[in-house]
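Dropping model.cif in here (mmCIF, C-alpha atoms):
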```cif
data_start
#
loop_
_atom_site.label_atom_id
_atom_site.label_comp_id
_atom_site.auth_asym_id
_atom_site.auth_seq_id
_atom_site.Cartn_x
_atom_site.Cartn_y
_atom_site.Cartn_z
CA MET A 1 -73.85 38.82 0.06
CA ASN A 2 -70.64 40.04 1.39
CA ASN A 3 -68.84 37.00 2.84
CA GLN A 4 -65.70 37.99 4.55
CA THR A 5 -63.05 35.29 4.80
CA THR A 6 -60.47 35.58 7.48
CA ASP A 7 -57.19 33.71 6.90
CA THR A 8 -55.81 32.52 10.15
CA MET A 9 -52.18 31.53 10.17
CA PRO A 10 -51.12 28.96 12.75
CA GLU A 11 -48.75 30.23 15.32
CA PRO A 12 -45.17 29.22 14.57
CA VAL A 13 -44.00 26.18 16.46
CA GLU A 14 -40.67 26.46 18.14
CA PRO A 15 -38.32 23.74 16.90
CA MET A 16 -37.47 21.17 19.51
CA ALA A 17 -33.97 21.57 20.73
CA PHE A 18 -32.01 18.33 20.91
CA GLU A 19 -30.03 17.82 24.03
CA ALA A 20 -27.52 15.05 24.34
CA PRO A 21 -28.32 12.84 27.30
CA SER A 22 -26.56 14.06 30.38
CA ILE A 23 -23.96 11.73 31.76
CA SER A 24 -24.24 10.95 35.41
CA LEU A 25 -20.73 11.25 36.72
CA SER A 26 -21.88 9.82 40.02
CA ARG A 27 -22.53 6.56 38.18
CA ARG A 28 -19.37 6.70 36.11
CA LYS A 29 -17.10 8.66 38.42
CA PHE A 30 -14.30 6.27 37.53
CA LEU A 31 -13.83 8.30 34.33
CA VAL A 32 -13.55 12.06 34.53
CA ALA A 33 -15.47 13.82 31.76
CA SER A 34 -12.72 15.77 30.09
CA SER A 35 -11.58 16.61 26.61
CA VAL A 36 -9.64 13.72 25.16
CA THR A 37 -6.72 15.02 23.18
CA GLY A 38 -6.27 11.69 21.40
CA LEU A 39 -2.98 9.85 21.51
CA ALA A 40 -1.55 11.36 18.36
CA LEU A 41 1.74 9.55 18.76
CA VAL A 42 -0.02 6.21 18.52
CA ALA A 43 -1.71 7.14 15.28
CA ALA A 44 1.51 8.64 13.97
CA ALA A 45 3.30 5.38 14.68
CA CYS A 46 2.13 4.21 11.28
CA GLY A 47 5.33 5.90 10.09
CA GLY A 48 7.66 3.34 11.65
CA GLY A 49 9.35 2.05 14.77
CA ASP A 50 11.15 -1.00 16.10
CA ASP A 51 9.51 -3.61 18.26
CA GLY A 52 10.05 -3.04 21.93
CA GLY A 53 8.68 -3.77 25.37
CA ASP A 54 6.31 -6.48 26.53
CA ALA A 55 3.24 -4.59 27.67
CA THR A 56 1.08 -5.48 24.71
CA GLY A 57 1.70 -9.16 24.58
CA ASP A 58 4.50 -9.90 22.11
CA THR A 59 4.77 -13.68 22.21
CA GLY A 60 8.09 -13.79 20.43
CA GLN A 61 6.68 -16.13 17.78
CA THR A 62 7.26 -15.57 14.09
CA GLY A 63 4.39 -13.94 12.23
CA ALA A 64 3.45 -14.19 8.60
CA GLY A 65 5.52 -11.13 7.70
CA GLU A 66 8.81 -13.08 7.89
CA GLY A 67 9.67 -15.25 4.93
CA GLY A 68 6.19 -15.10 3.48
CA ASP A 69 6.36 -12.06 1.20
CA GLU A 70 5.34 -14.00 -1.90
CA ALA A 71 2.21 -15.29 -0.18
CA ALA A 72 1.48 -11.84 1.20
CA SER A 73 -0.28 -10.44 -1.83
CA GLY A 74 -3.78 -9.16 -2.42
CA ASP A 75 -6.26 -10.10 0.29
CA ALA A 76 -3.59 -12.07 2.15
CA ALA A 77 -1.50 -8.92 2.60
CA VAL A 78 -4.47 -7.09 4.11
CA ALA A 79 -5.22 -10.11 6.29
CA GLN A 80 -1.62 -10.14 7.57
CA PHE A 81 -1.70 -6.49 8.52
CA ALA A 82 -5.18 -6.73 10.05
CA ALA A 83 -4.14 -9.76 12.08
CA GLY A 84 -1.15 -7.83 13.44
CA LEU A 85 -3.48 -5.07 14.61
CA GLU A 86 -5.72 -7.65 16.27
CA VAL A 87 -2.78 -9.22 18.11
CA LEU A 88 -1.89 -5.74 19.36
CA ALA A 89 -5.46 -5.09 20.50
CA VAL A 90 -5.70 -8.41 22.33
CA GLY A 91 -2.36 -7.80 24.03
CA THR A 92 -3.25 -4.27 25.05
CA TYR A 93 -6.59 -5.25 26.59
CA LYS A 94 -4.83 -8.15 28.34
CA ALA A 95 -2.28 -5.71 29.76
CA VAL A 96 -5.12 -3.47 31.01
CA LEU A 97 -6.84 -6.44 32.62
CA ASP A 98 -3.61 -7.56 34.29
CA ALA A 99 -2.95 -4.04 35.60
CA ALA A 100 -6.48 -3.81 36.98
CA THR A 101 -6.16 -7.20 38.67
CA ALA A 102 -2.91 -6.04 40.25
CA ASN A 103 -4.67 -2.91 41.58
CA LYS A 104 -2.47 -0.63 39.47
CA LEU A 105 -5.39 1.36 38.03
CA GLY A 106 -7.28 2.23 41.19
CA PRO A 107 -10.94 1.28 41.63
CA VAL A 108 -12.28 -0.55 38.58
CA PRO A 109 -16.09 -0.81 38.35
CA PRO A 110 -17.44 -4.21 37.29
CA ALA A 111 -18.85 -2.73 34.07
CA VAL A 112 -15.37 -1.64 33.01
CA ALA A 113 -13.84 -5.02 33.73
CA GLU A 114 -16.65 -6.66 31.77
CA TYR A 115 -16.08 -4.36 28.79
CA VAL A 116 -12.34 -5.11 28.76
CA LYS A 117 -12.96 -8.87 28.82
CA THR A 118 -15.60 -8.64 26.10
CA ALA A 119 -13.57 -6.39 23.81
CA MET A 120 -10.52 -8.62 24.25
CA ALA A 121 -12.60 -11.66 23.29
CA HIS A 122 -13.94 -9.82 20.23
CA HIS A 123 -10.43 -9.02 19.01
CA GLN A 124 -9.29 -12.58 19.62
CA GLU A 125 -12.11 -13.85 17.42
CA HIS A 126 -11.21 -11.27 14.79
CA LEU A 127 -7.62 -12.49 14.89
CA ASP A 128 -8.72 -16.10 14.52
CA ALA A 129 -10.86 -15.16 11.51
CA TRP A 130 -7.99 -13.38 9.73
CA ASN A 131 -5.61 -16.24 10.45
CA LYS A 132 -8.15 -18.57 8.88
CA VAL A 133 -8.05 -16.39 5.75
CA LEU A 134 -4.25 -16.55 5.76
CA LYS A 135 -4.21 -20.30 6.23
CA SER A 136 -6.60 -20.79 3.33
CA ALA A 137 -4.28 -18.64 1.19
CA GLY A 138 -1.29 -20.78 2.09
CA ALA A 139 0.31 -18.11 4.30
CA ALA A 140 1.54 -18.48 7.87
CA GLU A 141 -0.67 -17.35 10.73
CA VAL A 142 0.16 -14.04 12.42
CA THR A 143 1.05 -14.31 16.10
CA THR A 144 2.94 -11.05 16.69
CA PRO A 145 1.58 -7.49 17.01
CA ASP A 146 2.12 -4.83 14.37
CA ALA A 147 5.78 -3.89 14.71
CA LYS A 148 5.29 -0.18 14.04
CA LEU A 149 2.44 0.47 16.45
CA LYS A 150 3.50 -1.81 19.28
CA PRO A 151 6.47 0.17 20.70
CA VAL A 152 4.46 3.39 20.73
CA VAL A 153 1.49 1.69 22.38
CA ASP A 154 3.86 0.20 24.97
CA ALA A 155 5.27 3.67 25.71
CA GLU A 156 1.76 5.13 26.08
CA PHE A 157 0.60 2.23 28.21
CA ALA A 158 3.52 2.84 30.59
CA LYS A 159 1.97 6.26 31.29
CA VAL A 160 -1.45 4.83 32.18
CA LYS A 161 -2.16 5.29 35.89
CA ASP A 162 -5.93 4.89 36.09
CA VAL A 163 -9.00 3.58 34.31
CA ALA A 164 -9.51 6.85 32.42
CA GLY A 165 -6.01 6.65 30.97
CA ALA A 166 -6.58 3.05 29.92
CA ALA A 167 -9.88 4.01 28.29
CA LYS A 168 -8.24 6.82 26.29
CA LEU A 169 -5.56 4.46 25.00
CA ALA A 170 -8.18 1.84 24.12
CA LEU A 171 -10.23 4.51 22.33
CA THR A 172 -7.31 5.48 20.13
CA LEU A 173 -6.57 1.87 19.26
CA GLU A 174 -10.21 1.18 18.40
CA GLU A 175 -10.36 4.30 16.22
CA ILE A 176 -7.23 3.22 14.36
CA ALA A 177 -8.60 -0.29 13.88
CA ALA A 178 -12.05 0.83 12.70
CA GLN A 179 -10.63 3.37 10.27
CA THR A 180 -8.01 0.95 8.99
CA TYR A 181 -10.71 -1.57 8.08
CA LEU A 182 -12.84 1.09 6.42
CA LYS A 183 -9.91 2.20 4.29
CA ALA A 184 -8.90 -1.37 3.43
CA ILE A 185 -12.29 -2.61 2.25
CA PRO A 186 -12.10 -1.13 -1.30
CA SER A 187 -8.78 -2.92 -1.90
CA LEU A 188 -10.15 -6.37 -1.05
CA GLN A 189 -11.11 -8.73 -3.86
CA SER A 190 -12.81 -11.65 -2.13
CA LYS A 191 -16.44 -11.20 -1.12
CA ASP A 192 -15.74 -13.17 2.05
CA ALA A 193 -12.82 -10.89 2.96
CA ILE A 194 -14.95 -7.80 2.30
CA LYS A 195 -17.73 -9.16 4.51
CA LEU A 196 -15.23 -10.04 7.25
CA ALA A 197 -13.57 -6.61 7.22
CA GLY A 198 -16.95 -4.86 7.19
CA SER A 199 -18.32 -6.89 10.08
CA ILE A 200 -15.20 -6.29 12.18
CA GLN A 201 -15.19 -2.56 11.36
CA ALA A 202 -18.74 -2.25 12.68
CA VAL A 203 -17.82 -3.94 15.97
CA ASP A 204 -14.72 -1.76 16.41
CA GLN A 205 -16.89 1.30 15.84
CA GLN A 206 -19.24 0.04 18.55
CA HIS A 207 -16.25 -0.14 20.88
CA VAL A 208 -15.42 3.45 19.95
CA ALA A 209 -18.96 4.56 20.82
CA ILE A 210 -18.86 2.81 24.20
CA LEU A 211 -15.51 4.33 25.10
CA ASN A 212 -16.58 7.80 23.98
CA PHE A 213 -19.66 7.56 26.18
CA ALA A 214 -17.67 6.26 29.14
CA LEU A 215 -15.24 9.16 28.80
CA GLY A 216 -18.08 11.68 28.89
CA MET A 217 -18.19 12.41 25.17
CA TYR A 218 -20.98 11.98 22.65
CA PRO A 219 -20.87 8.33 21.50
CA VAL A 220 -21.15 9.03 17.75
CA PRO A 221 -19.59 12.44 17.10
CA ASP A 222 -19.09 12.10 13.34
CA VAL A 223 -21.72 12.24 10.60
CA PHE A 224 -19.51 10.09 8.37
CA GLN A 225 -16.76 7.77 9.48
CA LYS A 226 -13.24 8.93 8.74
CA THR A 227 -10.00 7.29 7.67
CA ASP A 228 -7.45 9.91 8.76
CA LYS A 229 -6.22 7.64 11.59
CA ALA A 230 -6.06 4.52 9.46
CA ALA A 231 -2.82 2.55 9.69
CA SER A 232 -1.11 0.98 6.70
CA PRO A 233 1.60 -1.62 6.17
CA ALA A 234 5.20 -0.56 5.74
#
```

In structure tokens, write the structure found in this file.
Amino acid sequence: MNNQTTDTMPEPVEPMAFEAPSISLSRRKFLVASSVTGLALVAAACGGGDDGGDATGDTGQTGAGEGGDEAASGDAAVAQFAAGLEVLAVGTYKAVLDAATANKLGPVPPAVAEYVKTAMAHHQEHLDAWNKVLKSAGAAEVTTPDAKLKPVVDAEFAKVKDVAGAAKLALTLEEIAAQTYLKAIPSLQSKDAIKLAGSIQAVDQQHVAILNFALGMYPVPDVFQKTDKAASPA
């Protein structure tokens, strides 16, 4: 018998093309979808600067960096610096909220106001947690913002005229904070400090994703998180 076998190859299947979800500008028209250049000066402020201005909530109180150098070693040094960043974040969000309340940013959708309040509360809790670490190490609590970043943030905040501008500034601060924590984690010794830094870093990265999305950009643009914008103590 002559059995003839016919091999039939399945037709190739076209790969599914992934499309990022389209952003409805009619729903988020308060932020114009545009390329965000990133506030490079803020990130570059890690190189130095004197304290100036009041926009980001300098209380005038003495932080742990004055007279507490001996206590500021190891995890306590990281906690001091992290706490200064958190004071800056709280103050900046407070300044945004005050400007919005005073109608200096134009129309502010309820969702934006809610985000600002929530993010500010997150950073306040982060600050409280780091100050608890400092207190347990015998160091003074930090109540003043990072002295190098604050004057540059104040200068950038003075240029903010609308919600989009405020969101761009907040995005840069959140990126700096998230990347600073990521870079600091390997230097920490205490398991509790490592867990604290890691848990805060994840929340800051969530803030970054929200702000990216609100500004019309893909929420998670990077395959791996970076540290090129990380700040460091003087």

May I ask which of the residues A:Ala147, A:Ala166, A:Ile194, A:Ile200 is the closest one to A:Asp98, counting only C-alpha atoms?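 Nearest candidate to A:Asp98 out of A:Ala147, A:Ala166, A:Ile194, A:Ile200: A:Ala166.
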
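One distance worth recording is that between atom CA of A:Ala95 and atom CA of A:Lys226, which is 27.9 Å.
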
Give the answer as one residue: which of A:Pro186, A:Pro221, A:Gly91, A:Gly165 has the shortest atom-to-atom distance to A:Gly198, using all atoms listed in the file? A:Pro186

Could you expand the PyMOL selection byres ((chain A and resi 230) around 9) into the explicit residues it covers here, written as a PyMOL selection string? chain A and resi 43+46+175-184+226-229+231-232

Computed interatomic separation between atom CA of A:Ala77 and atom CA of A:His207 (Å): 25.1 Å

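Using only C-alpha atoms, the nearest neighbour of A:Val142 within the list A:Phe157, A:Thr92, A:Gly84, A:Leu215 is A:Gly84.
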
Taking the file as I've supplied it (selection: the PyMOL selection byres ((chain A and resi 112-129) around 6)), which residues are included? Please answer as a PyMOL selection string. chain A and resi 83+86+90+93+109-111+130-132

From the set A:Ala158, A:Ser190, A:Val163, A:Ala100, which residue has the shortest atom-to-atom contact distance to A:Val78, counting all atoms listed in the file?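 Looking only at the distances to A:Val78, the closest residue turns out to be A:Ser190.
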
Can you tell me which residues surround A:Gly74 at a distance of at most 10 Å, considering all atoms listed in the file, apart from same-chain residues fewer than 2 positions away, and format the answer as a list in words? Ala71, Ala72, Ala76, Ala77, Val78, Ala79, Ser187, Leu188, Gln189 and Ser190 of chain A

Take the point (0.4, 2.9, 25.9) as written in the file and pick out every residue within 10 Å of it, counting all atoms listed in the file; give the list as a list in words.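 Those residues lying close to the given coordinates are Leu39, Leu41, Val42, Ala55, Thr56, Thr92, Ala95, Val96, Leu149, Lys150, Pro151, Val152, Val153, Asp154, Ala155, Glu156, Phe157, Ala158, Lys159, Val160, Gly165, Ala166, Lys168, Leu169, Ala170, Thr172 and Leu173 of chain A.
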